[in-house]
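Visitor: So here's run27.tsv (TSV, C-alpha atoms).
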```
chain	number	residue	atom	x	y	z
M	1	MET	CA	128.15	103.64	98.45
M	2	PRO	CA	125.01	105.73	98.06
M	3	THR	CA	124.58	108.86	100.13
M	4	ALA	CA	121.91	109.17	102.81
M	5	ASP	CA	119.53	110.81	100.34
M	6	SER	CA	119.98	108.39	97.41
M	7	LEU	CA	116.48	107.39	96.32
M	8	ILE	CA	114.88	105.67	93.39
M	9	THR	CA	111.21	105.89	92.53
M	10	VAL	CA	109.47	102.71	91.45
M	11	ASN	CA	105.76	102.48	90.73
M	12	GLY	CA	105.07	105.77	92.48
M	13	ARG	CA	106.99	104.95	95.68
M	14	ASP	CA	110.42	106.08	96.84
M	15	TYR	CA	113.02	103.53	97.95
M	16	ARG	CA	116.31	104.39	99.60
M	17	LEU	CA	119.36	102.78	98.06
M	18	PRO	CA	121.22	100.64	100.58
M	19	ARG	CA	123.77	102.54	102.66
M	20	ARG	CA	125.49	99.34	103.75
M	21	PRO	CA	125.44	95.74	102.47
M	22	THR	CA	121.84	94.56	102.64
M	23	VAL	CA	120.32	91.08	102.33
M	24	VAL	CA	116.63	90.48	101.63
M	25	ILE	CA	115.32	86.93	101.85
M	26	THR	CA	111.82	85.90	100.85
M	27	VAL	CA	110.96	82.54	102.42
M	28	ASP	CA	108.12	81.08	100.36
M	29	GLY	CA	105.49	79.08	102.24
M	30	CYS	CA	107.09	79.69	105.62
M	31	GLN	CA	104.80	79.47	108.59
M	32	PRO	CA	106.24	81.06	111.74
M	33	ALA	CA	106.26	77.58	113.32
M	34	TYR	CA	109.18	76.57	111.06
M	35	LEU	CA	111.31	79.47	112.29
M	36	ASP	CA	110.23	79.06	115.91
M	37	ASP	CA	111.04	75.35	115.83
M	38	GLY	CA	114.42	75.85	114.13
M	39	MET	CA	115.49	78.57	116.54
M	40	ALA	CA	114.25	76.64	119.62
M	41	ARG	CA	116.36	73.64	118.59
M	42	GLY	CA	119.45	75.74	117.86
M	43	LEU	CA	119.33	75.06	114.11
M	44	MET	CA	119.30	78.75	113.15
M	45	PRO	CA	122.05	80.36	115.25
M	46	ARG	CA	122.65	83.29	112.90
M	47	LEU	CA	118.98	84.22	112.70
M	48	SER	CA	118.69	83.88	116.49
M	49	ALA	CA	121.72	86.15	116.95
M	50	LEU	CA	120.34	88.68	114.48
M	51	LEU	CA	117.03	88.82	116.31
M	52	ALA	CA	118.77	89.11	119.68
M	53	GLY	CA	120.68	92.12	118.36
M	54	ASP	CA	119.31	94.77	116.01
M	55	GLY	CA	117.07	92.45	114.00
M	56	ALA	CA	113.28	92.34	113.96
M	57	TYR	CA	110.78	89.51	113.63
M	58	HIS	CA	107.26	90.66	112.77
M	59	LEU	CA	104.21	88.78	111.63
M	60	GLY	CA	101.85	90.34	109.13
M	61	ARG	CA	98.41	89.47	107.87
M	62	GLY	CA	98.00	88.34	104.27
M	63	GLN	CA	96.40	90.95	102.05
M	64	MET	CA	95.86	88.84	98.95
M	65	PRO	CA	95.49	85.18	98.01
M	66	SER	CA	98.38	83.15	99.39
M	67	LEU	CA	99.93	82.16	96.08
M	68	THR	CA	103.65	82.22	95.30
M	69	ASN	CA	103.75	84.27	92.13
M	70	PRO	CA	101.45	87.20	93.05
M	71	ASN	CA	103.04	87.46	96.50
M	72	ASN	CA	106.63	87.37	95.23
M	73	VAL	CA	105.87	89.86	92.47
M	74	SER	CA	104.13	92.16	94.98
M	75	ILE	CA	107.29	92.07	97.11
M	76	VAL	CA	109.60	92.96	94.22
M	77	THR	CA	107.32	95.63	92.71
M	78	GLY	CA	105.89	97.16	95.89
M	79	VAL	CA	102.38	97.12	94.43
M	80	ALA	CA	99.31	94.86	94.41
M	81	PRO	CA	98.41	92.30	91.71
M	82	ALA	CA	95.87	94.76	90.22
M	83	VAL	CA	98.84	96.98	89.35
M	84	HIS	CA	101.61	94.48	88.52
M	85	GLY	CA	99.33	92.11	86.59
M	86	ILE	CA	100.14	88.73	88.18
M	87	PRO	CA	96.90	87.56	89.84
M	88	GLY	CA	97.81	83.90	90.31
M	89	ASN	CA	100.39	81.21	89.60
M	90	HIS	CA	98.98	80.37	86.15
M	91	PHE	CA	96.15	81.07	83.75
M	92	ARG	CA	94.26	79.13	81.12
M	93	ALA	CA	95.14	80.29	77.61
M	94	PRO	CA	92.44	80.57	74.92
M	95	ASP	CA	93.65	77.26	73.42
M	96	GLY	CA	93.03	75.54	76.78
M	97	SER	CA	96.68	75.18	77.78
M	98	GLU	CA	97.92	76.14	81.24
M	99	VAL	CA	100.41	79.03	81.23
M	100	GLN	CA	102.66	79.51	84.26
M	101	LEU	CA	102.99	83.17	85.19
M	102	THR	CA	106.77	83.17	85.39
M	103	ASP	CA	107.61	85.10	82.22
M	104	PRO	CA	108.50	88.77	82.87
M	105	ALA	CA	106.50	89.63	79.74
M	106	HIS	CA	103.35	89.33	81.90
M	107	LEU	CA	104.46	92.15	84.23
M	108	ARG	CA	102.70	95.49	83.82
M	109	CYS	CA	105.26	97.52	85.77
M	110	PRO	CA	108.96	97.63	86.66
M	111	THR	CA	110.44	95.87	89.68
M	112	ILE	CA	112.33	97.45	92.55
M	113	LEU	CA	115.16	95.01	91.82
M	114	GLY	CA	115.37	96.09	88.19
M	115	GLU	CA	115.50	99.74	89.17
M	116	MET	CA	118.13	99.00	91.84
M	117	GLN	CA	120.17	97.20	89.19
M	118	ARG	CA	119.92	100.20	86.87
M	119	ALA	CA	121.15	102.34	89.78
M	120	GLY	CA	124.16	100.01	90.08
M	121	GLU	CA	123.09	98.35	93.34
M	122	LEU	CA	122.16	94.87	92.22
M	123	GLY	CA	123.65	92.48	89.75
M	124	LEU	CA	126.55	90.21	89.07
M	125	PRO	CA	129.20	92.36	87.38
M	126	GLY	CA	131.16	90.14	85.04
M	127	LEU	CA	129.46	86.99	86.30
M	128	GLY	CA	126.78	85.42	84.14
M	129	ILE	CA	124.07	83.05	85.32
M	130	ALA	CA	125.73	80.16	83.46
M	131	ASP	CA	128.84	80.66	85.65
M	132	VAL	CA	126.95	80.25	88.94
M	133	PRO	CA	127.16	76.41	89.28
M	134	ALA	CA	130.92	76.59	88.69
M	135	VAL	CA	131.33	79.35	91.28
M	136	VAL	CA	129.12	77.54	93.82
M	137	GLY	CA	130.96	74.29	93.18
M	138	ARG	CA	128.01	72.02	92.50
M	139	PRO	CA	125.18	71.78	89.98
M	140	ALA	CA	121.89	73.45	90.74
M	141	PRO	CA	119.15	71.21	92.14
M	142	LYS	CA	115.80	71.14	90.41
M	143	ILE	CA	113.26	73.70	91.66
M	144	TYR	CA	111.29	70.97	93.45
M	145	GLU	CA	114.14	69.26	95.27
M	146	TRP	CA	114.63	69.53	99.03
M	147	ASP	CA	117.79	71.66	98.86
M	148	ALA	CA	116.70	74.20	96.23
M	149	SER	CA	116.19	76.89	98.89
M	150	ALA	CA	119.53	76.19	100.54
M	151	TYR	CA	121.15	76.41	97.10
M	152	ALA	CA	119.55	79.82	96.49
M	153	ALA	CA	121.11	81.13	99.70
M	154	GLU	CA	124.40	79.42	98.83
M	155	ILE	CA	124.43	81.21	95.45
M	156	GLY	CA	124.12	84.58	97.16
M	157	LEU	CA	126.85	83.89	99.69
M	158	THR	CA	129.17	82.36	97.09
M	159	VAL	CA	128.71	85.20	94.59
M	160	HIS	CA	129.31	87.76	97.36
M	161	ARG	CA	132.54	85.98	98.37
M	162	HIS	CA	133.60	85.64	94.72
M	163	LEU	CA	133.14	89.36	94.07
M	164	LEU	CA	134.82	90.26	97.37
M	165	ALA	CA	137.87	88.17	96.45
M	166	ARG	CA	137.94	89.41	92.85
M	167	ASP	CA	137.19	93.11	93.34
M	168	GLY	CA	137.64	93.72	97.05
M	169	ARG	CA	133.95	94.64	97.17
M	170	GLY	CA	131.05	92.26	97.61
M	171	LEU	CA	127.40	92.83	96.84
M	172	ASP	CA	125.66	95.98	98.11
M	173	LEU	CA	122.24	94.36	97.81
M	174	LEU	CA	121.41	90.68	97.72
M	175	TYR	CA	117.87	89.38	97.15
M	176	VAL	CA	117.26	85.65	97.67
M	177	SER	CA	113.90	83.99	97.11
M	178	THR	CA	113.34	80.42	98.28
M	179	THR	CA	110.88	77.71	97.26
M	180	ASP	CA	108.13	76.17	99.37
M	181	PHE	CA	108.95	72.56	98.46
M	182	VAL	CA	109.95	71.53	101.99
M	183	GLN	CA	106.93	73.20	103.56
M	184	HIS	CA	104.63	71.25	101.23
M	185	LYS	CA	106.32	67.98	102.20
M	186	GLU	CA	107.13	68.23	105.91
M	187	ALA	CA	105.68	69.86	109.02
M	188	PRO	CA	107.92	71.88	111.38
M	189	GLY	CA	110.30	69.62	113.27
M	190	ARG	CA	110.13	66.77	110.74
M	191	ALA	CA	113.10	65.25	108.91
M	192	ILE	CA	113.76	67.54	105.93
M	193	ALA	CA	112.21	70.59	107.62
M	194	CYS	CA	115.14	70.74	110.04
```
Take the structure I supplied and represent it as C-alpha cells, if you would.
Guide:
Amino acid sequence: MPTADSLITVNGRDYRLPRRPTVVITVDGCQPAYLDDGMARGLMPRLSALLAGDGAYHLGRGQMPSLTNPNNVSIVTGVAPAVHGIPGNHFRAPDGSEVQLTDPAHLRCPTILGEMQRAGELGLPGLGIADVPAVVGRPAPKIYEWDASAYAAEIGLTVHRHLLARDGRGLDLLYVSTTDFVQHKEAPGRAIAC
C-alpha cells in the first residue's frame, strides 16, 4: 500500500495514491432524481448505507457542455476539454464522415488512470480484457443494452474477487464508468430505471 505521502502528478496537478481500496464510479446521464427515487424505494441499500455513514452526496453545476465524451475525459484527466482535446462526442472528418471521439489517439494529455496504472495502482495483473466474460460468467451486453451499466459494475466486483481469491489481494483502485442508455429510455421510477 502507498504511504501517506505517495503522490503522482498528472497534467500539473498532484493526486494522492489510494491508501485503502478505493472505488470510483462515474454514472453517465444520471439526474439526482434517479438516485433519490432508488434510495427512497429501498433499491439502493448499499448506497444508502454509505451515505448514512462516512459517505457524501454532493451536487455540482456543469462547467461544460453535457456530453459524455468530454465529461468522462475531463474526469479521468482532471483538466478541461481545451487541454485534453475532446470537445464533443464526435467530429466531422474532412471527407464528410462522422468520427466518434473514442480513440485514445485524440487525447492531448495523459489520464490519471494511466498514471495510476504506471504507479502500480490500477490494472488487471495477469488478467486480459478477453478473459473478462469468462471471469464474470456471462457474455458482455452491447453498449446500448439495458444492463450494460450493471455489467460494468459486475466486471469490477468480479475482477476484484478473482484477484482476491488468486493473490489474496484485490484491487487497490477500481474505476467503473456506466452508460446513459437507461436514462435516455426511462424516467426515474419507470420499469428499467429501477
Visitor: In Å, how far is it from CA of Glu154 (chain M) to CA of Phe181 (chain M)?
Guide: 16.9 Å
Visitor: I want to know what sits within 12 Å of Pro45 (chain M), based on all atoms listed in the file, with residues of the same chain fewer than 6 positions away left out; could you give that as number ranges by chain?
Guide: M: 35-36, 38-39, 51-52
Visitor: Of the candidates M:Asn72, M:Thr111, M:Gln117, M:Thr178, which shows the shortest atom-to-atom distance to Tyr144 (chain M), using all atoms listed in the file?
Guide: M:Thr178
Visitor: Tell me which of M:Ala140, M:Glu98, M:Glu145, M:Val135 sits closest to Val159 (chain M), counting all atoms listed in the file.
Guide: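 Of the candidates, the smallest distance to Val159 (chain M) is held by M:Val135.
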Visitor: At a cut-off of 12 Å, using all atoms listed in the file, what residues contact Pro104 (chain M)? Leave out same-chain residues fewer than 2 positions from it and give the result as a CSV table (one decimal) with C-alpha atoms, in the coordinates of the input.
Guide:
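The result, written out as out_26.csv:
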```
chain,number,residue,atom,x,y,z
M,69,ASN,CA,103.8,84.3,92.1
M,73,VAL,CA,105.9,89.9,92.5
M,84,HIS,CA,101.6,94.5,88.5
M,85,GLY,CA,99.3,92.1,86.6
M,86,ILE,CA,100.1,88.7,88.2
M,100,GLN,CA,102.7,79.5,84.3
M,101,LEU,CA,103.0,83.2,85.2
M,102,THR,CA,106.8,83.2,85.4
M,106,HIS,CA,103.4,89.3,81.9
M,107,LEU,CA,104.5,92.2,84.2
M,108,ARG,CA,102.7,95.5,83.8
M,109,CYS,CA,105.3,97.5,85.8
M,110,PRO,CA,109.0,97.6,86.7
M,111,THR,CA,110.4,95.9,89.7
M,114,GLY,CA,115.4,96.1,88.2
```
Visitor: Do a neighbour search on Asn71 (chain M) at 10 Å with all atoms listed in the file, toss out local chain neighbours closer than 3 positions, and write the hits as a list in words.
Guide: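 Returned residues: Thr26, Asp28, Gly62, Gln63, Met64, Pro65, Ser66, Leu67, Thr68, Ser74, Ile75, Val76, Thr77, Val79, Ala80, Pro81, Ile86, Pro87, Gly88 and Asn89 of chain M.
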Visitor: Using C-alpha atoms, can you export the residues from the last selection as a PDB file, keeping the file's coordinate frame?
Guide:
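Saved file selection_30.pdb follows:
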```pdb
ATOM      1  CA  THR M  26     111.820  85.900 100.850  1.00  0.00           C
ATOM      2  CA  ASP M  28     108.120  81.080 100.360  1.00  0.00           C
ATOM      3  CA  GLY M  62      98.000  88.340 104.270  1.00  0.00           C
ATOM      4  CA  GLN M  63      96.400  90.950 102.050  1.00  0.00           C
ATOM      5  CA  MET M  64      95.860  88.840  98.950  1.00  0.00           C
ATOM      6  CA  PRO M  65      95.490  85.180  98.010  1.00  0.00           C
ATOM      7  CA  SER M  66      98.380  83.150  99.390  1.00  0.00           C
ATOM      8  CA  LEU M  67      99.930  82.160  96.080  1.00  0.00           C
ATOM      9  CA  THR M  68     103.650  82.220  95.300  1.00  0.00           C
ATOM     10  CA  SER M  74     104.130  92.160  94.980  1.00  0.00           C
ATOM     11  CA  ILE M  75     107.290  92.070  97.110  1.00  0.00           C
ATOM     12  CA  VAL M  76     109.600  92.960  94.220  1.00  0.00           C
ATOM     13  CA  THR M  77     107.320  95.630  92.710  1.00  0.00           C
ATOM     14  CA  VAL M  79     102.380  97.120  94.430  1.00  0.00           C
ATOM     15  CA  ALA M  80      99.310  94.860  94.410  1.00  0.00           C
ATOM     16  CA  PRO M  81      98.410  92.300  91.710  1.00  0.00           C
ATOM     17  CA  ILE M  86     100.140  88.730  88.180  1.00  0.00           C
ATOM     18  CA  PRO M  87      96.900  87.560  89.840  1.00  0.00           C
ATOM     19  CA  GLY M  88      97.810  83.900  90.310  1.00  0.00           C
ATOM     20  CA  ASN M  89     100.390  81.210  89.600  1.00  0.00           C
TER      21      ASN M  89
END
```
Visitor: Rounded to one decimal in Å, what is the spacing between CA of Arg13 (chain M) and CA of Cys30 (chain M)?
Guide: 27.1 Å
Visitor: For a test of reading the model, state the distance in Å between CA of Asn11 (chain M) and CA of Gly78 (chain M), rounded to one decimal.
Guide: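 Interatomic distance here is 7.4 Å.
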Visitor: M:Met44, M:Val99, M:Ala49, M:Ile25: which is nearest Gly156 (chain M), counting all atoms listed in the file?
Guide: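 Nearest to Gly156 (chain M): M:Ile25.
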Visitor: Please list as JSON, numbers by chain every residue within 12 Å of Ala187 (chain M), counting only C-alpha atoms and excluding residues in the same chain fewer than 3 positions away.
Guide: {"M": [29, 30, 31, 32, 33, 34, 35, 37, 38, 180, 181, 182, 183, 184, 190, 191, 192, 193, 194]}
Visitor: Deliver the residues from the most recent selection as a file, using C-alpha atoms, as a JSON list (two decimals), in the frame of the given file.
Guide:
```
[["chain", "number", "residue", "atom", "x", "y", "z"],
["M", 29, "GLY", "CA", 105.49, 79.08, 102.24],
["M", 30, "CYS", "CA", 107.09, 79.69, 105.62],
["M", 31, "GLN", "CA", 104.80, 79.47, 108.59],
["M", 32, "PRO", "CA", 106.24, 81.06, 111.74],
["M", 33, "ALA", "CA", 106.26, 77.58, 113.32],
["M", 34, "TYR", "CA", 109.18, 76.57, 111.06],
["M", 35, "LEU", "CA", 111.31, 79.47, 112.29],
["M", 37, "ASP", "CA", 111.04, 75.35, 115.83],
["M", 38, "GLY", "CA", 114.42, 75.85, 114.13],
["M", 180, "ASP", "CA", 108.13, 76.17, 99.37],
["M", 181, "PHE", "CA", 108.95, 72.56, 98.46],
["M", 182, "VAL", "CA", 109.95, 71.53, 101.99],
["M", 183, "GLN", "CA", 106.93, 73.20, 103.56],
["M", 184, "HIS", "CA", 104.63, 71.25, 101.23],
["M", 190, "ARG", "CA", 110.13, 66.77, 110.74],
["M", 191, "ALA", "CA", 113.10, 65.25, 108.91],
["M", 192, "ILE", "CA", 113.76, 67.54, 105.93],
["M", 193, "ALA", "CA", 112.21, 70.59, 107.62],
["M", 194, "CYS", "CA", 115.14, 70.74, 110.04]]
```
Visitor: Given only C-alpha atoms as the basis, pick out the residue of M:Ala119, M:Leu113, M:Val132, M:Leu17 nearest to Tyr151 (chain M).
Guide: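 Distance minimum relative to Tyr151 (chain M) lands on M:Val132.
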Visitor: Generate a file for region 33-64 of chain M, containing N, CA, C and O atoms, as a compact mmCIF listing (two decimals), in the first residue's frame.
Guide:
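Final output, result18.txt:
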```txt
# COMPACT_ATOMS: atom_id res chain seq x y z
N ALA M 33 -32.57 12.69 -9.49
CA ALA M 33 -33.88 12.06 -9.28
C ALA M 33 -33.81 10.54 -9.37
O ALA M 33 -34.56 9.84 -8.69
N TYR M 34 -32.89 9.99 -10.19
CA TYR M 34 -32.75 8.53 -10.28
C TYR M 34 -32.24 7.97 -8.95
O TYR M 34 -32.74 6.96 -8.47
N LEU M 35 -31.24 8.61 -8.39
CA LEU M 35 -30.70 8.15 -7.10
C LEU M 35 -31.70 8.34 -5.98
O LEU M 35 -31.91 7.45 -5.16
N ASP M 36 -32.34 9.51 -5.95
CA ASP M 36 -33.32 9.79 -4.90
C ASP M 36 -34.46 8.78 -4.94
O ASP M 36 -34.88 8.26 -3.91
N ASP M 37 -34.95 8.49 -6.14
CA ASP M 37 -36.04 7.53 -6.29
C ASP M 37 -35.61 6.13 -5.86
O ASP M 37 -36.31 5.45 -5.11
N GLY M 38 -34.43 5.70 -6.33
CA GLY M 38 -33.94 4.36 -5.98
C GLY M 38 -33.72 4.18 -4.49
O GLY M 38 -34.07 3.16 -3.91
N MET M 39 -33.16 5.21 -3.85
CA MET M 39 -32.93 5.11 -2.40
C MET M 39 -34.25 5.17 -1.63
O MET M 39 -34.43 4.44 -0.66
N ALA M 40 -35.18 6.02 -2.06
CA ALA M 40 -36.48 6.14 -1.38
C ALA M 40 -37.25 4.83 -1.42
O ALA M 40 -37.97 4.50 -0.48
N ARG M 41 -37.09 4.07 -2.51
CA ARG M 41 -37.81 2.80 -2.64
C ARG M 41 -37.00 1.60 -2.15
O ARG M 41 -37.40 0.47 -2.33
N GLY M 42 -35.85 1.86 -1.53
CA GLY M 42 -35.06 0.77 -0.97
C GLY M 42 -34.34 -0.08 -2.00
O GLY M 42 -33.93 -1.21 -1.71
N LEU M 43 -34.15 0.46 -3.21
CA LEU M 43 -33.49 -0.29 -4.27
C LEU M 43 -31.97 -0.13 -4.27
O LEU M 43 -31.28 -0.79 -5.03
N MET M 44 -31.46 0.76 -3.42
CA MET M 44 -30.02 1.02 -3.38
C MET M 44 -29.55 0.98 -1.92
O MET M 44 -29.05 1.97 -1.38
N PRO M 45 -29.67 -0.18 -1.26
CA PRO M 45 -29.34 -0.23 0.16
C PRO M 45 -27.88 0.05 0.47
O PRO M 45 -27.58 0.68 1.48
N ARG M 46 -26.97 -0.36 -0.39
CA ARG M 46 -25.56 -0.11 -0.11
C ARG M 46 -25.20 1.37 -0.24
O ARG M 46 -24.45 1.91 0.56
N LEU M 47 -25.75 2.02 -1.26
CA LEU M 47 -25.51 3.46 -1.41
C LEU M 47 -26.14 4.21 -0.24
O LEU M 47 -25.51 5.11 0.33
N SER M 48 -27.35 3.83 0.15
CA SER M 48 -28.00 4.47 1.30
C SER M 48 -27.17 4.31 2.57
O SER M 48 -26.99 5.26 3.33
N ALA M 49 -26.63 3.09 2.78
CA ALA M 49 -25.80 2.84 3.96
C ALA M 49 -24.51 3.65 3.90
O ALA M 49 -24.06 4.20 4.91
N LEU M 50 -23.91 3.74 2.73
CA LEU M 50 -22.69 4.52 2.57
C LEU M 50 -22.94 5.98 2.92
O LEU M 50 -22.17 6.60 3.66
N LEU M 51 -24.03 6.52 2.43
CA LEU M 51 -24.34 7.92 2.68
C LEU M 51 -24.73 8.17 4.13
O LEU M 51 -24.49 9.25 4.67
N ALA M 52 -25.30 7.17 4.78
CA ALA M 52 -25.65 7.31 6.19
C ALA M 52 -24.41 7.24 7.08
O ALA M 52 -24.43 7.73 8.21
N GLY M 53 -23.34 6.66 6.56
CA GLY M 53 -22.09 6.55 7.32
C GLY M 53 -21.15 7.68 6.97
O GLY M 53 -21.46 8.85 7.15
N ASP M 54 -20.00 7.31 6.40
CA ASP M 54 -18.96 8.29 6.08
C ASP M 54 -19.03 8.82 4.66
O ASP M 54 -18.16 9.56 4.24
N GLY M 55 -20.04 8.42 3.90
CA GLY M 55 -20.14 8.83 2.51
C GLY M 55 -20.61 10.26 2.35
O GLY M 55 -20.97 10.94 3.32
N ALA M 56 -20.59 10.74 1.13
CA ALA M 56 -21.03 12.11 0.83
C ALA M 56 -21.80 12.10 -0.48
O ALA M 56 -21.50 11.33 -1.38
N TYR M 57 -22.80 12.94 -0.57
CA TYR M 57 -23.62 13.07 -1.76
C TYR M 57 -23.72 14.56 -2.04
O TYR M 57 -24.36 15.31 -1.32
N HIS M 58 -23.02 15.02 -3.07
CA HIS M 58 -22.98 16.44 -3.40
C HIS M 58 -23.41 16.64 -4.84
O HIS M 58 -23.08 15.84 -5.71
N LEU M 59 -24.11 17.71 -5.08
CA LEU M 59 -24.49 18.07 -6.44
C LEU M 59 -23.58 19.20 -6.89
O LEU M 59 -23.24 20.08 -6.11
N GLY M 60 -23.19 19.15 -8.15
CA GLY M 60 -22.34 20.20 -8.70
C GLY M 60 -22.97 20.76 -9.95
O GLY M 60 -23.82 20.14 -10.57
N ARG M 61 -22.56 21.93 -10.32
CA ARG M 61 -23.05 22.57 -11.53
C ARG M 61 -22.15 22.18 -12.70
O ARG M 61 -20.93 22.14 -12.57
N GLY M 62 -22.75 21.92 -13.85
CA GLY M 62 -21.99 21.61 -15.05
C GLY M 62 -21.13 22.79 -15.47
O GLY M 62 -21.56 23.93 -15.41
N GLN M 63 -19.92 22.51 -15.88
CA GLN M 63 -19.00 23.57 -16.29
C GLN M 63 -18.67 23.51 -17.78
O GLN M 63 -17.85 24.24 -18.26
N MET M 64 -19.29 22.60 -18.49
CA MET M 64 -19.02 22.44 -19.91
C MET M 64 -20.26 21.82 -20.55
O MET M 64 -21.17 21.42 -19.83
```
